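**Q** Okay, handing you the structure first.
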Amino acid sequence: MQEAKYYKKLEEKKLVCTLCHHFCNLDDGEFGFCKVRQNKNGKLYTPIFGLPAIIEIDMIEKKPLYHFYPGTLSYSIGTLGCNFTCHNCHSWDISQVTNLEKQMKALNFLTPKRIVEEAIFNGCDSISYAYSEPTVFFEYALEIMKIAQREGLKNIWISNGFMSTECLDELLPFLDAINVDLKSKDDDFYHEICNGKLQAILDNLIKIKQEQVHLEISTLIVPRHSDDIRMLNQIAEFIAYDLDTDTPWHLNRFIPENSWKLAHLPKTGEDILYEVYENAKDAGLKYVYIGNVPGDQKENTYCPRCGELAIRRMGQHIERLDANGQCAFCDRSLDIIE
């Protein structure tokens with residue numbers, strides 16, 4: 001069991017975890033909100049270090065990242081635990097820990113070096129820390145990221161963006177790209193559906209953009225919970241004015257059968273997806289995408305200047321019609337990193 005990095009000791013074997021914005025105060029023996037960080041005799045430990053609960057090799061478009069090394073493979077890992085309890089979670093079998101000791105027994109220990117070796121062996125250009133929230137396995141992720149960077153691999157986080165400022169500061173030098181799930185612009189939604197706080201995420205997004213880490217935003221539009229048009233327009237305005245109009249925004253359709261607690265809800269209607277898409281374009285966003293609607297042409301990348309098709313996407317497969325990241329018709333940059 002590895003000692004955790006971020007905590008402050010209090011009196012009588014008590015401590016406060018400073019990894020994320022929950023700042024859990026823990027008595028001896030107590031677990032944090034994430035259920036995978038434990039106070040033992042006044043020290044904080046991370047029992048999941050070295051124990052990935054899921055490993056997949058994905059096209060980078062699955063993350064989703066559409067403007068970072070398009071068409072490449074990413075070695076993707078996730079562990080048990082999460083610092084949110086999102087009712088719509090589709091990875092709840094690993095994120096929502098019910099019996100940590102029992103679940104850990106089913107896992108195999110893999111060193112950070114082994115993870116990097118496997119990524120290289122499988123022809124991946126990057127390692128993605130995903131599926132569950134990578135913040136809760138930060139120590140493991142950071143050790144992998146340091147080795148990956150030395151070996152020329154890119155490091156990608158798929159995150160809820162709720163890490164503490166202290167955690168983010170240490171992460172940034174090793175982070176190449178991140179997709180943050182900005183679930184709503186309504187703080188009540190975060191409290192009721194996720195057990196989180198909105199402002200901390202907005203502040204982190206601004207800092208990530210300022211530090212010039214490649215950033216893409218995802219928003220799952222959940223009927224009856226995060227489908228208010230005015231609120232979604234506020235997200236578009238936040239991206240345009242507080243981040244940048246070149247920040248890609250992925251609008252994702254809610255699929256009820258994949259969710260933890262919201263299987264009774266309907267799928268997101270296509271009409272609202274298209275309305276938000278058009279509103280976001282009107283707000284000045286250059287790259288807006290619609291996900292989970294098979295065959296929809298709004299998964300494609302179009303030149304923001306001349307409107308010509310630059311990258312065609314068919315599921316996770318792509319057809320490059322651009323010229324090395326520039327429009328083949330007008331030479332305008334498509335804001336692609338590769």
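Here, A, B, ... name the chains of the structure tokens in the order displayed, residue numbers run from 1 inside each chain, and ligands are numbered from 1 in the same displayed order.
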Contacts of stretch 163-172 of chain A at 8 Å or less, counting only C-alpha atoms, minus same-chain residues fewer than 2 places along, as a list in words?

**A**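 Answer for this query is Tyr6, Thr18, Leu19, Cys20, His21, Thr135, Leu142, Gly161, Phe174, Leu175, Asn204, Ile208, Glu211 and Val213 of chain A.
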
**Q** If DSSP is run on the backbone, what residues of stretch 125-314 of chain A are alpha helix (DSSP H)? A reply as an MDAnalysis selection string would be ideal.

**A** chainID A and resid 138:150 165:171 187:189 198:210 229:238 270:282

**Q** Out of A:His67, A:Asp244, A:Lys35, A:Tyr45, which residue has the shortest atom-to-atom distance to A:Ser333 when counting only C-alpha atoms?

**A** A:His67

**Q** Using only C-alpha atoms, which residues sit within 12 Å of stretch 282-285 of chain A once same-chain residues fewer than 6 positions away are excluded, as a list of chain:residue names?

**A**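 With the cut-off at 12 Å, the set is A:Glu216, A:Ile217, A:Leu232, A:Asn233, A:Gln234, A:Ile235, A:Ala236, A:Glu237, A:Phe238, A:Ile239, A:Ala240, A:Tyr241, A:Asp242, A:Leu243, A:Asp244, A:Thr245, A:Asp246, A:Thr247, A:Pro248, A:Trp249, A:His250, A:Glu275, A:Val276, A:Pro304, A:Arg305.
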
**Q** Can you tell me, as a list in words, what residues are no more than 8 Å from stretch 97-112 of chain A when counting only C-alpha atoms, ignoring any on the same chain fewer than 5 positions away?

**A**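 Once the nearby chain positions are removed, what remains is Lys35, Val36, Ile48, Gly50, Leu51, Pro52, Ala53, Leu80, Gly81, Tyr140, Ala141, Glu143, Ile144 and Ile147 of chain A.
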
**Q** With all heavy atoms retained, could you export that selection as a JSON list (two decimals), in the first residue's frame?

**A**
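Here's the written file selection.json:
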```
[["chain", "number", "residue", "atom", "x", "y", "z"],
["A", 35, "LYS", "N", -13.48, 6.60, -1.76],
["A", 35, "LYS", "CA", -13.46, 5.21, -1.27],
["A", 35, "LYS", "C", -12.19, 4.45, -1.61],
["A", 35, "LYS", "O", -12.12, 3.23, -1.44],
["A", 35, "LYS", "CB", -14.68, 4.43, -1.76],
["A", 35, "LYS", "CG", -16.01, 5.02, -1.31],
["A", 35, "LYS", "CD", -17.19, 4.21, -1.81],
["A", 35, "LYS", "CE", -18.51, 4.85, -1.38],
["A", 35, "LYS", "NZ", -19.67, 4.11, -1.91],
["A", 36, "VAL", "N", -11.15, 5.17, -2.07],
["A", 36, "VAL", "CA", -9.89, 4.50, -2.40],
["A", 36, "VAL", "C", -8.68, 5.23, -1.81],
["A", 36, "VAL", "O", -7.55, 5.03, -2.26],
["A", 36, "VAL", "CB", -9.73, 4.33, -3.92],
["A", 36, "VAL", "CG1", -10.71, 3.30, -4.46],
["A", 36, "VAL", "CG2", -9.87, 5.65, -4.67],
["A", 48, "ILE", "N", -4.89, 1.46, -4.20],
["A", 48, "ILE", "CA", -5.08, 1.05, -5.60],
["A", 48, "ILE", "C", -3.86, 1.30, -6.47],
["A", 48, "ILE", "O", -3.89, 1.05, -7.67],
["A", 48, "ILE", "CB", -6.31, 1.76, -6.22],
["A", 48, "ILE", "CG1", -6.14, 3.28, -6.12],
["A", 48, "ILE", "CG2", -7.60, 1.28, -5.57],
["A", 48, "ILE", "CD1", -7.19, 4.06, -6.89],
["A", 50, "GLY", "N", -0.93, 0.81, -8.67],
["A", 50, "GLY", "CA", -0.45, -0.35, -9.42],
["A", 50, "GLY", "C", -1.51, -1.37, -9.78],
["A", 50, "GLY", "O", -1.19, -2.43, -10.30],
["A", 51, "LEU", "N", -2.78, -1.03, -9.53],
["A", 51, "LEU", "CA", -3.86, -1.99, -9.75],
["A", 51, "LEU", "C", -4.90, -1.45, -10.74],
["A", 51, "LEU", "O", -6.00, -1.04, -10.36],
["A", 51, "LEU", "CB", -4.54, -2.33, -8.43],
["A", 51, "LEU", "CG", -3.68, -3.07, -7.40],
["A", 51, "LEU", "CD1", -4.44, -3.22, -6.08],
["A", 51, "LEU", "CD2", -3.25, -4.44, -7.92],
["A", 52, "PRO", "N", -4.58, -1.44, -12.03],
["A", 52, "PRO", "CA", -5.59, -1.00, -12.99],
["A", 52, "PRO", "C", -6.78, -1.96, -13.02],
["A", 52, "PRO", "O", -6.60, -3.18, -13.00],
["A", 52, "PRO", "CB", -4.84, -1.02, -14.33],
["A", 52, "PRO", "CG", -3.68, -1.93, -14.12],
["A", 52, "PRO", "CD", -3.32, -1.82, -12.68],
["A", 53, "ALA", "N", -7.98, -1.39, -13.03],
["A", 53, "ALA", "CA", -9.21, -2.20, -13.09],
["A", 53, "ALA", "C", -9.66, -2.42, -14.53],
["A", 53, "ALA", "O", -10.48, -3.30, -14.79],
["A", 53, "ALA", "CB", -10.32, -1.53, -12.28],
["A", 80, "LEU", "N", -10.10, 1.49, -9.76],
["A", 80, "LEU", "CA", -11.30, 1.61, -8.94],
["A", 80, "LEU", "C", -11.39, 3.01, -8.35],
["A", 80, "LEU", "O", -10.37, 3.66, -8.10],
["A", 80, "LEU", "CB", -11.26, 0.58, -7.80],
["A", 80, "LEU", "CG", -11.18, -0.90, -8.19],
["A", 80, "LEU", "CD1", -10.93, -1.76, -6.96],
["A", 80, "LEU", "CD2", -12.46, -1.34, -8.89],
["A", 81, "GLY", "N", -12.63, 3.47, -8.11],
["A", 81, "GLY", "CA", -12.83, 4.70, -7.36],
["A", 81, "GLY", "C", -13.14, 5.92, -8.21],
["A", 81, "GLY", "O", -12.80, 5.98, -9.40],
["A", 140, "TYR", "N", -0.22, 6.89, -8.99],
["A", 140, "TYR", "CA", 0.07, 5.87, -10.01],
["A", 140, "TYR", "C", 0.18, 6.53, -11.38],
["A", 140, "TYR", "O", 1.13, 6.28, -12.13],
["A", 140, "TYR", "CB", -1.05, 4.83, -9.99],
["A", 140, "TYR", "CG", -0.86, 3.61, -10.84],
["A", 140, "TYR", "CD1", 0.38, 3.00, -10.98],
["A", 140, "TYR", "CD2", -1.95, 3.04, -11.51],
["A", 140, "TYR", "CE1", 0.54, 1.86, -11.76],
["A", 140, "TYR", "CE2", -1.81, 1.89, -12.28],
["A", 140, "TYR", "CZ", -0.56, 1.30, -12.41],
["A", 140, "TYR", "OH", -0.41, 0.17, -13.17],
["A", 141, "ALA", "N", -0.79, 7.37, -11.70],
["A", 141, "ALA", "CA", -0.78, 8.06, -12.99],
["A", 141, "ALA", "C", 0.48, 8.90, -13.16],
["A", 141, "ALA", "O", 1.12, 8.88, -14.23],
["A", 141, "ALA", "CB", -2.03, 8.93, -13.14],
["A", 143, "GLU", "N", 3.48, 8.62, -11.85],
["A", 143, "GLU", "CA", 4.69, 7.82, -12.09],
["A", 143, "GLU", "C", 4.71, 7.28, -13.52],
["A", 143, "GLU", "O", 5.77, 7.24, -14.17],
["A", 143, "GLU", "CB", 4.77, 6.68, -11.07],
["A", 143, "GLU", "CG", 5.06, 7.14, -9.65],
["A", 143, "GLU", "CD", 6.31, 8.02, -9.57],
["A", 143, "GLU", "OE1", 7.37, 7.59, -10.05],
["A", 143, "GLU", "OE2", 6.20, 9.15, -9.05],
["A", 144, "ILE", "N", 3.56, 6.86, -14.01],
["A", 144, "ILE", "CA", 3.48, 6.41, -15.41],
["A", 144, "ILE", "C", 3.79, 7.57, -16.35],
["A", 144, "ILE", "O", 4.54, 7.42, -17.33],
["A", 144, "ILE", "CB", 2.09, 5.83, -15.71],
["A", 144, "ILE", "CG1", 1.80, 4.61, -14.84],
["A", 144, "ILE", "CG2", 1.97, 5.45, -17.19],
["A", 144, "ILE", "CD1", 0.35, 4.15, -14.90],
["A", 147, "ILE", "N", 7.53, 8.44, -16.82],
["A", 147, "ILE", "CA", 8.23, 7.48, -17.67],
["A", 147, "ILE", "C", 7.78, 7.63, -19.12],
["A", 147, "ILE", "O", 8.60, 7.62, -20.05],
["A", 147, "ILE", "CB", 7.99, 6.04, -17.18],
["A", 147, "ILE", "CG1", 8.49, 5.88, -15.74],
["A", 147, "ILE", "CG2", 8.67, 5.03, -18.10],
["A", 147, "ILE", "CD1", 8.09, 4.57, -15.10]]
```

**Q** Near A:Asn39, within 12 Å and counting only C-alpha atoms, which residues show up once chain neighbours fewer than 5 positions away are dropped, as an mmCIF file with all heavy atoms, in the first residue's frame?

**A**
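So result32.cif came out as:
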```
data_model
loop_
_atom_site.group_PDB
_atom_site.id
_atom_site.type_symbol
_atom_site.label_atom_id
_atom_site.label_comp_id
_atom_site.auth_asym_id
_atom_site.auth_seq_id
_atom_site.Cartn_x
_atom_site.Cartn_y
_atom_site.Cartn_z
ATOM 1 N N MET A 1 0.855 -1.203 0.000
ATOM 2 C CA MET A 1 0.000 0.000 0.000
ATOM 3 C C MET A 1 0.882 1.242 0.000
ATOM 4 O O MET A 1 1.758 1.377 0.836
ATOM 5 C CB MET A 1 -0.924 -0.011 1.219
ATOM 6 C CG MET A 1 -1.931 1.120 1.226
ATOM 7 S SD MET A 1 -3.053 1.068 2.626
ATOM 8 C CE MET A 1 -4.058 -0.345 2.206
ATOM 9 N N GLN A 2 0.655 2.135 -0.963
ATOM 10 C CA GLN A 2 1.497 3.307 -1.164
ATOM 11 C C GLN A 2 0.964 4.511 -0.391
ATOM 12 O O GLN A 2 -0.233 4.778 -0.377
ATOM 13 C CB GLN A 2 1.539 3.644 -2.660
ATOM 14 C CG GLN A 2 2.317 4.905 -2.988
ATOM 15 C CD GLN A 2 3.575 4.580 -3.756
ATOM 16 O OE1 GLN A 2 3.956 3.419 -3.864
ATOM 17 N NE2 GLN A 2 4.216 5.590 -4.278
ATOM 18 N N GLU A 3 1.877 5.258 0.246
ATOM 19 C CA GLU A 3 1.462 6.487 0.908
ATOM 20 C C GLU A 3 1.060 7.519 -0.147
ATOM 21 O O GLU A 3 1.713 7.653 -1.191
ATOM 22 C CB GLU A 3 2.580 7.050 1.784
ATOM 23 C CG GLU A 3 2.139 8.256 2.596
ATOM 24 C CD GLU A 3 3.197 8.751 3.584
ATOM 25 O OE1 GLU A 3 4.277 8.140 3.656
ATOM 26 O OE2 GLU A 3 2.934 9.759 4.262
ATOM 27 N N ALA A 4 -0.015 8.230 0.114
ATOM 28 C CA ALA A 4 -0.521 9.225 -0.824
ATOM 29 C C ALA A 4 0.288 10.515 -0.737
ATOM 30 O O ALA A 4 0.971 10.783 0.254
ATOM 31 C CB ALA A 4 -1.996 9.496 -0.545
ATOM 32 N N TYR A 6 -0.994 13.860 -1.288
ATOM 33 C CA TYR A 6 -1.637 15.107 -0.905
ATOM 34 C C TYR A 6 -2.508 14.964 0.335
ATOM 35 O O TYR A 6 -3.653 14.526 0.254
ATOM 36 C CB TYR A 6 -2.462 15.647 -2.076
ATOM 37 C CG TYR A 6 -1.602 16.102 -3.215
ATOM 38 C CD1 TYR A 6 -1.610 15.433 -4.430
ATOM 39 C CD2 TYR A 6 -0.753 17.191 -3.067
ATOM 40 C CE1 TYR A 6 -0.787 15.838 -5.473
ATOM 41 C CE2 TYR A 6 0.069 17.600 -4.098
ATOM 42 C CZ TYR A 6 0.040 16.932 -5.300
ATOM 43 O OH TYR A 6 0.860 17.334 -6.312
ATOM 44 N N TYR A 7 -1.963 15.349 1.472
ATOM 45 C CA TYR A 7 -2.757 15.410 2.697
ATOM 46 C C TYR A 7 -2.004 16.239 3.733
ATOM 47 O O TYR A 7 -0.789 16.447 3.638
ATOM 48 C CB TYR A 7 -3.068 14.015 3.228
ATOM 49 C CG TYR A 7 -1.905 13.244 3.805
ATOM 50 C CD1 TYR A 7 -1.669 13.216 5.188
ATOM 51 C CD2 TYR A 7 -1.051 12.511 2.985
ATOM 52 C CE1 TYR A 7 -0.616 12.499 5.720
ATOM 53 C CE2 TYR A 7 -0.002 11.779 3.512
ATOM 54 C CZ TYR A 7 0.223 11.772 4.884
ATOM 55 O OH TYR A 7 1.261 11.055 5.417
ATOM 56 N N LYS A 8 -2.744 16.695 4.707
ATOM 57 C CA LYS A 8 -2.169 17.448 5.826
ATOM 58 C C LYS A 8 -2.591 16.788 7.127
ATOM 59 O O LYS A 8 -3.761 16.459 7.314
ATOM 60 C CB LYS A 8 -2.640 18.906 5.787
ATOM 61 C CG LYS A 8 -2.127 19.678 4.584
ATOM 62 C CD LYS A 8 -2.658 21.113 4.573
ATOM 63 C CE LYS A 8 -2.152 21.858 3.336
ATOM 64 N NZ LYS A 8 -2.691 23.240 3.260
ATOM 65 N N LYS A 9 -1.630 16.605 8.017
ATOM 66 C CA LYS A 9 -1.921 15.975 9.297
ATOM 67 C C LYS A 9 -2.612 16.955 10.229
ATOM 68 O O LYS A 9 -2.285 18.150 10.274
ATOM 69 C CB LYS A 9 -0.626 15.470 9.934
ATOM 70 C CG LYS A 9 0.021 14.329 9.159
ATOM 71 C CD LYS A 9 1.236 13.789 9.907
ATOM 72 C CE LYS A 9 1.835 12.598 9.172
ATOM 73 N NZ LYS A 9 2.979 12.003 9.908
ATOM 74 N N LEU A 10 -3.561 16.434 10.964
ATOM 75 C CA LEU A 10 -4.248 17.193 11.995
ATOM 76 C C LEU A 10 -3.935 16.542 13.341
ATOM 77 O O LEU A 10 -3.020 15.730 13.452
ATOM 78 C CB LEU A 10 -5.752 17.209 11.718
ATOM 79 C CG LEU A 10 -6.170 17.758 10.336
ATOM 80 C CD1 LEU A 10 -7.672 17.623 10.140
ATOM 81 C CD2 LEU A 10 -5.744 19.219 10.188
ATOM 82 N N GLU A 12 -4.343 14.108 16.693
ATOM 83 C CA GLU A 12 -4.819 12.780 17.086
ATOM 84 C C GLU A 12 -5.094 11.869 15.883
ATOM 85 O O GLU A 12 -6.170 11.293 15.748
ATOM 86 C CB GLU A 12 -6.088 12.902 17.948
ATOM 87 C CG GLU A 12 -5.862 13.657 19.247
ATOM 88 C CD GLU A 12 -7.134 13.791 20.059
ATOM 89 O OE1 GLU A 12 -8.196 13.338 19.587
ATOM 90 O OE2 GLU A 12 -7.065 14.362 21.154
ATOM 91 N N LYS A 13 -4.110 11.740 15.041
ATOM 92 C CA LYS A 13 -4.163 10.844 13.889
ATOM 93 C C LYS A 13 -5.236 11.225 12.855
ATOM 94 O O LYS A 13 -5.550 10.441 11.969
ATOM 95 C CB LYS A 13 -4.380 9.391 14.325
ATOM 96 C CG LYS A 13 -3.246 8.824 15.163
ATOM 97 C CD LYS A 13 -3.488 7.344 15.469
ATOM 98 C CE LYS A 13 -2.330 6.797 16.286
ATOM 99 N NZ LYS A 13 -2.554 5.357 16.619
ATOM 100 N N LYS A 14 -5.765 12.416 12.939
ATOM 101 C CA LYS A 14 -6.705 12.902 11.928
ATOM 102 C C LYS A 14 -5.916 13.594 10.815
ATOM 103 O O LYS A 14 -4.785 14.045 11.013
ATOM 104 C CB LYS A 14 -7.707 13.876 12.542
ATOM 105 C CG LYS A 14 -8.627 13.252 13.582
ATOM 106 C CD LYS A 14 -9.622 14.270 14.106
ATOM 107 C CE LYS A 14 -10.560 13.638 15.125
ATOM 108 N NZ LYS A 14 -11.563 14.605 15.646
ATOM 109 N N LEU A 15 -6.534 13.671 9.635
ATOM 110 C CA LEU A 15 -5.884 14.348 8.520
ATOM 111 C C LEU A 15 -6.934 14.884 7.556
ATOM 112 O O LEU A 15 -8.106 14.514 7.617
ATOM 113 C CB LEU A 15 -4.920 13.397 7.792
ATOM 114 C CG LEU A 15 -5.461 12.094 7.188
ATOM 115 C CD1 LEU A 15 -6.084 12.318 5.800
ATOM 116 C CD2 LEU A 15 -4.361 11.062 7.075
ATOM 117 N N VAL A 16 -6.485 15.744 6.647
ATOM 118 C CA VAL A 16 -7.340 16.234 5.574
ATOM 119 C C VAL A 16 -6.665 15.899 4.245
ATOM 120 O O VAL A 16 -5.482 16.184 4.049
ATOM 121 C CB VAL A 16 -7.620 17.750 5.691
ATOM 122 C CG1 VAL A 16 -6.331 18.567 5.722
ATOM 123 C CG2 VAL A 16 -8.514 18.223 4.543
ATOM 124 N N CYS A 17 -7.394 15.239 3.366
ATOM 125 C CA CYS A 17 -6.893 14.942 2.021
ATOM 126 C C CYS A 17 -7.011 16.195 1.174
ATOM 127 O O CYS A 17 -8.078 16.831 1.137
ATOM 128 C CB CYS A 17 -7.692 13.792 1.408
ATOM 129 S SG CYS A 17 -7.222 13.404 -0.310
ATOM 130 N N CYS A 24 -11.494 16.040 2.070
ATOM 131 C CA CYS A 24 -12.092 15.162 3.081
ATOM 132 C C CYS A 24 -11.298 15.194 4.392
ATOM 133 O O CYS A 24 -10.074 15.002 4.395
ATOM 134 C CB CYS A 24 -12.130 13.724 2.571
ATOM 135 S SG CYS A 24 -13.193 13.482 1.128
ATOM 136 N N ASN A 25 -11.987 15.429 5.500
ATOM 137 C CA ASN A 25 -11.412 15.283 6.827
ATOM 138 C C ASN A 25 -11.627 13.851 7.282
ATOM 139 O O ASN A 25 -12.767 13.388 7.378
ATOM 140 C CB ASN A 25 -12.068 16.259 7.803
ATOM 141 C CG ASN A 25 -11.516 17.662 7.659
ATOM 142 O OD1 ASN A 25 -10.504 18.008 8.260
ATOM 143 N ND2 ASN A 25 -12.185 18.473 6.831
ATOM 144 N N LEU A 26 -10.524 13.148 7.590
ATOM 145 C CA LEU A 26 -10.610 11.717 7.843
ATOM 146 C C LEU A 26 -10.053 11.361 9.221
ATOM 147 O O LEU A 26 -8.926 11.739 9.576
ATOM 148 C CB LEU A 26 -9.833 10.939 6.779
ATOM 149 C CG LEU A 26 -10.214 11.200 5.317
ATOM 150 C CD1 LEU A 26 -9.315 10.406 4.388
ATOM 151 C CD2 LEU A 26 -11.676 10.861 5.069
ATOM 152 N N ASP A 27 -10.838 10.616 9.965
ATOM 153 C CA ASP A 27 -10.364 10.014 11.205
ATOM 154 C C ASP A 27 -9.553 8.767 10.887
ATOM 155 O O ASP A 27 -9.601 8.238 9.764
ATOM 156 C CB ASP A 27 -11.542 9.646 12.115
ATOM 157 C CG ASP A 27 -12.270 10.875 12.647
ATOM 158 O OD1 ASP A 27 -11.593 11.891 12.898
ATOM 159 O OD2 ASP A 27 -13.501 10.811 12.813
ATOM 160 N N ASP A 28 -8.825 8.271 11.861
ATOM 161 C CA ASP A 28 -8.031 7.069 11.680
ATOM 162 C C ASP A 28 -8.915 5.911 11.192
ATOM 163 O O ASP A 28 -9.973 5.638 11.762
ATOM 164 C CB ASP A 28 -7.362 6.696 13.009
ATOM 165 C CG ASP A 28 -6.408 5.520 12.871
ATOM 166 O OD1 ASP A 28 -5.965 5.246 11.742
ATOM 167 O OD2 ASP A 28 -6.130 4.879 13.898
ATOM 168 N N GLY A 29 -8.504 5.260 10.100
ATOM 169 C CA GLY A 29 -9.245 4.139 9.536
ATOM 170 C C GLY A 29 -10.291 4.525 8.514
ATOM 171 O O GLY A 29 -10.835 3.658 7.823
ATOM 172 N N GLU A 30 -10.571 5.798 8.383
ATOM 173 C CA GLU A 30 -11.661 6.259 7.508
ATOM 174 C C GLU A 30 -11.181 6.432 6.074
ATOM 175 O O GLU A 30 -10.046 6.841 5.813
ATOM 176 C CB GLU A 30 -12.220 7.574 8.049
ATOM 177 C CG GLU A 30 -13.542 7.988 7.444
ATOM 178 C CD GLU A 30 -14.138 9.215 8.130
ATOM 179 O OE1 GLU A 30 -13.453 9.832 8.966
ATOM 180 O OE2 GLU A 30 -15.284 9.551 7.815
ATOM 181 N N PHE A 31 -12.085 6.117 5.121
ATOM 182 C CA PHE A 31 -11.831 6.334 3.696
ATOM 183 C C PHE A 31 -12.394 7.688 3.266
ATOM 184 O O PHE A 31 -13.365 8.194 3.847
ATOM 185 C CB PHE A 31 -12.498 5.239 2.856
ATOM 186 C CG PHE A 31 -11.775 3.925 2.866
ATOM 187 C CD1 PHE A 31 -12.035 2.983 3.850
ATOM 188 C CD2 PHE A 31 -10.824 3.628 1.892
ATOM 189 C CE1 PHE A 31 -11.360 1.762 3.867
ATOM 190 C CE2 PHE A 31 -10.149 2.416 1.894
ATOM 191 C CZ PHE A 31 -10.416 1.479 2.881
ATOM 192 N N GLY A 32 -11.789 8.249 2.223
ATOM 193 C CA GLY A 32 -12.297 9.479 1.650
ATOM 194 C C GLY A 32 -13.547 9.250 0.830
ATOM 195 O O GLY A 32 -14.005 8.111 0.646
ATOM 196 N N LEU A 44 -2.046 9.049 5.069
ATOM 197 C CA LEU A 44 -3.003 8.745 4.004
ATOM 198 C C LEU A 44 -2.366 7.784 3.009
ATOM 199 O O LEU A 44 -1.233 7.992 2.567
ATOM 200 C CB LEU A 44 -3.427 10.030 3.284
ATOM 201 C CG LEU A 44 -4.566 9.887 2.263
ATOM 202 C CD1 LEU A 44 -5.863 9.480 2.949
ATOM 203 C CD2 LEU A 44 -4.777 11.195 1.496
ATOM 204 N N TYR A 45 -3.113 6.750 2.657
ATOM 205 C CA TYR A 45 -2.610 5.732 1.750
ATOM 206 C C TYR A 45 -3.540 5.571 0.550
ATOM 207 O O TYR A 45 -4.742 5.812 0.634
ATOM 208 C CB TYR A 45 -2.464 4.392 2.467
ATOM 209 C CG TYR A 45 -1.330 4.375 3.472
ATOM 210 C CD1 TYR A 45 -1.543 4.745 4.794
ATOM 211 C CD2 TYR A 45 -0.040 4.008 3.075
ATOM 212 C CE1 TYR A 45 -0.493 4.739 5.711
ATOM 213 C CE2 TYR A 45 1.014 3.989 3.988
ATOM 214 C CZ TYR A 45 0.780 4.363 5.301
ATOM 215 O OH TYR A 45 1.810 4.360 6.199
ATOM 216 N N THR A 46 -2.931 5.121 -0.566
ATOM 217 C CA THR A 46 -3.680 4.826 -1.785
ATOM 218 C C THR A 46 -3.526 3.347 -2.098
ATOM 219 O O THR A 46 -2.540 2.943 -2.747
ATOM 220 C CB THR A 46 -3.226 5.711 -2.967
ATOM 221 O OG1 THR A 46 -3.787 5.196 -4.179
ATOM 222 C CG2 THR A 46 -1.714 5.795 -3.082
ATOM 223 N N PRO A 47 -4.446 2.511 -1.664
ATOM 224 C CA PRO A 47 -4.315 1.056 -1.854
ATOM 225 C C PRO A 47 -4.416 0.598 -3.307
ATOM 226 O O PRO A 47 -4.048 -0.531 -3.615
ATOM 227 C CB PRO A 47 -5.464 0.490 -1.016
ATOM 228 C CG PRO A 47 -6.445 1.609 -0.888
ATOM 229 C CD PRO A 47 -5.639 2.861 -0.868
#
```

**Q** Taking only C-alpha atoms into account, name the residue in A:Tyr75, A:Trp92, A:Tyr302, A:Phe49 that is nearest to A:Tyr287.

**A**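 Among the listed residues, the smallest separation from A:Tyr287 belongs to A:Tyr302.
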
**Q** For A:Glu133, please output as number ranges by chain all residues within 8 Å (counting only C-alpha atoms; exclusion window: fewer than 5 positions along the same chain).

**A** A: 78, 81-83, 95, 158-160

**Q** Store the residues of this selection in a file with all heavy atoms, as a short mmCIF file (atom, residue, chain, number, x, y, z; two decimals), in the first residue's frame.

**A**
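Result file is part.cif:
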```cif
data_model
loop_
_atom_site.label_atom_id
_atom_site.label_comp_id
_atom_site.auth_asym_id
_atom_site.auth_seq_id
_atom_site.Cartn_x
_atom_site.Cartn_y
_atom_site.Cartn_z
N GLY A 78 -7.69 2.63 -16.24
CA GLY A 78 -8.48 3.22 -15.17
C GLY A 78 -8.44 2.31 -13.96
O GLY A 78 -8.22 1.10 -14.09
N GLY A 81 -12.63 3.47 -8.11
CA GLY A 81 -12.83 4.70 -7.36
C GLY A 81 -13.14 5.92 -8.21
O GLY A 81 -12.80 5.98 -9.40
N CYS A 82 -13.78 6.89 -7.59
CA CYS A 82 -14.08 8.18 -8.23
C CYS A 82 -14.44 9.18 -7.14
O CYS A 82 -14.96 8.82 -6.09
CB CYS A 82 -15.24 8.04 -9.21
SG CYS A 82 -15.52 9.54 -10.20
N ASN A 83 -14.17 10.46 -7.41
CA ASN A 83 -14.55 11.49 -6.45
C ASN A 83 -15.90 12.13 -6.78
O ASN A 83 -16.29 13.12 -6.16
CB ASN A 83 -13.46 12.57 -6.33
CG ASN A 83 -13.10 13.19 -7.67
OD1 ASN A 83 -13.60 12.79 -8.72
ND2 ASN A 83 -12.21 14.17 -7.64
N SER A 95 -16.11 2.67 -10.85
CA SER A 95 -16.01 3.98 -10.20
C SER A 95 -16.68 4.00 -8.82
O SER A 95 -16.20 4.66 -7.90
CB SER A 95 -16.62 5.07 -11.09
OG SER A 95 -18.02 4.93 -11.19
N ILE A 158 -8.76 11.97 -19.11
CA ILE A 158 -10.20 12.13 -19.33
C ILE A 158 -10.77 12.32 -17.94
O ILE A 158 -10.81 11.39 -17.13
CB ILE A 158 -10.80 10.90 -20.02
CG1 ILE A 158 -9.95 10.50 -21.24
CG2 ILE A 158 -12.25 11.17 -20.41
CD1 ILE A 158 -9.76 11.58 -22.27
N SER A 159 -11.22 13.54 -17.64
CA SER A 159 -11.39 13.93 -16.24
C SER A 159 -12.66 14.73 -16.01
O SER A 159 -13.21 15.35 -16.92
CB SER A 159 -10.17 14.77 -15.82
OG SER A 159 -10.29 15.28 -14.51
N ASN A 160 -13.10 14.74 -14.75
CA ASN A 160 -14.19 15.62 -14.35
C ASN A 160 -13.69 17.01 -13.96
O ASN A 160 -14.49 17.90 -13.67
CB ASN A 160 -15.03 15.01 -13.23
CG ASN A 160 -14.23 14.70 -11.97
OD1 ASN A 160 -13.26 15.39 -11.65
ND2 ASN A 160 -14.63 13.67 -11.24
#
```

**Q** Taking only C-alpha atoms into account, which of A:His317, A:His87, A:Arg332, A:Lys185 comes nearest A:Asp58?

**A**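 Of the candidates, the smallest distance to A:Asp58 is held by A:His317.
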
**Q** Compare A:Val288, A:Leu153, A:Ile60, A:Ile120 by their minimum atom-to-atom distance to A:Thr219, counting only C-alpha atoms, and give me the closest one.

**A**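 Smallest distance to A:Thr219 is found for A:Val288.
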
**Q** Measuring atom to atom with only C-alpha atoms, identify which of A:Ser76, A:Ser126, A:Pro173, A:Lys281 is nearest to A:Lys146.

**A**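 Smallest separation from A:Lys146 among the options: A:Pro173.
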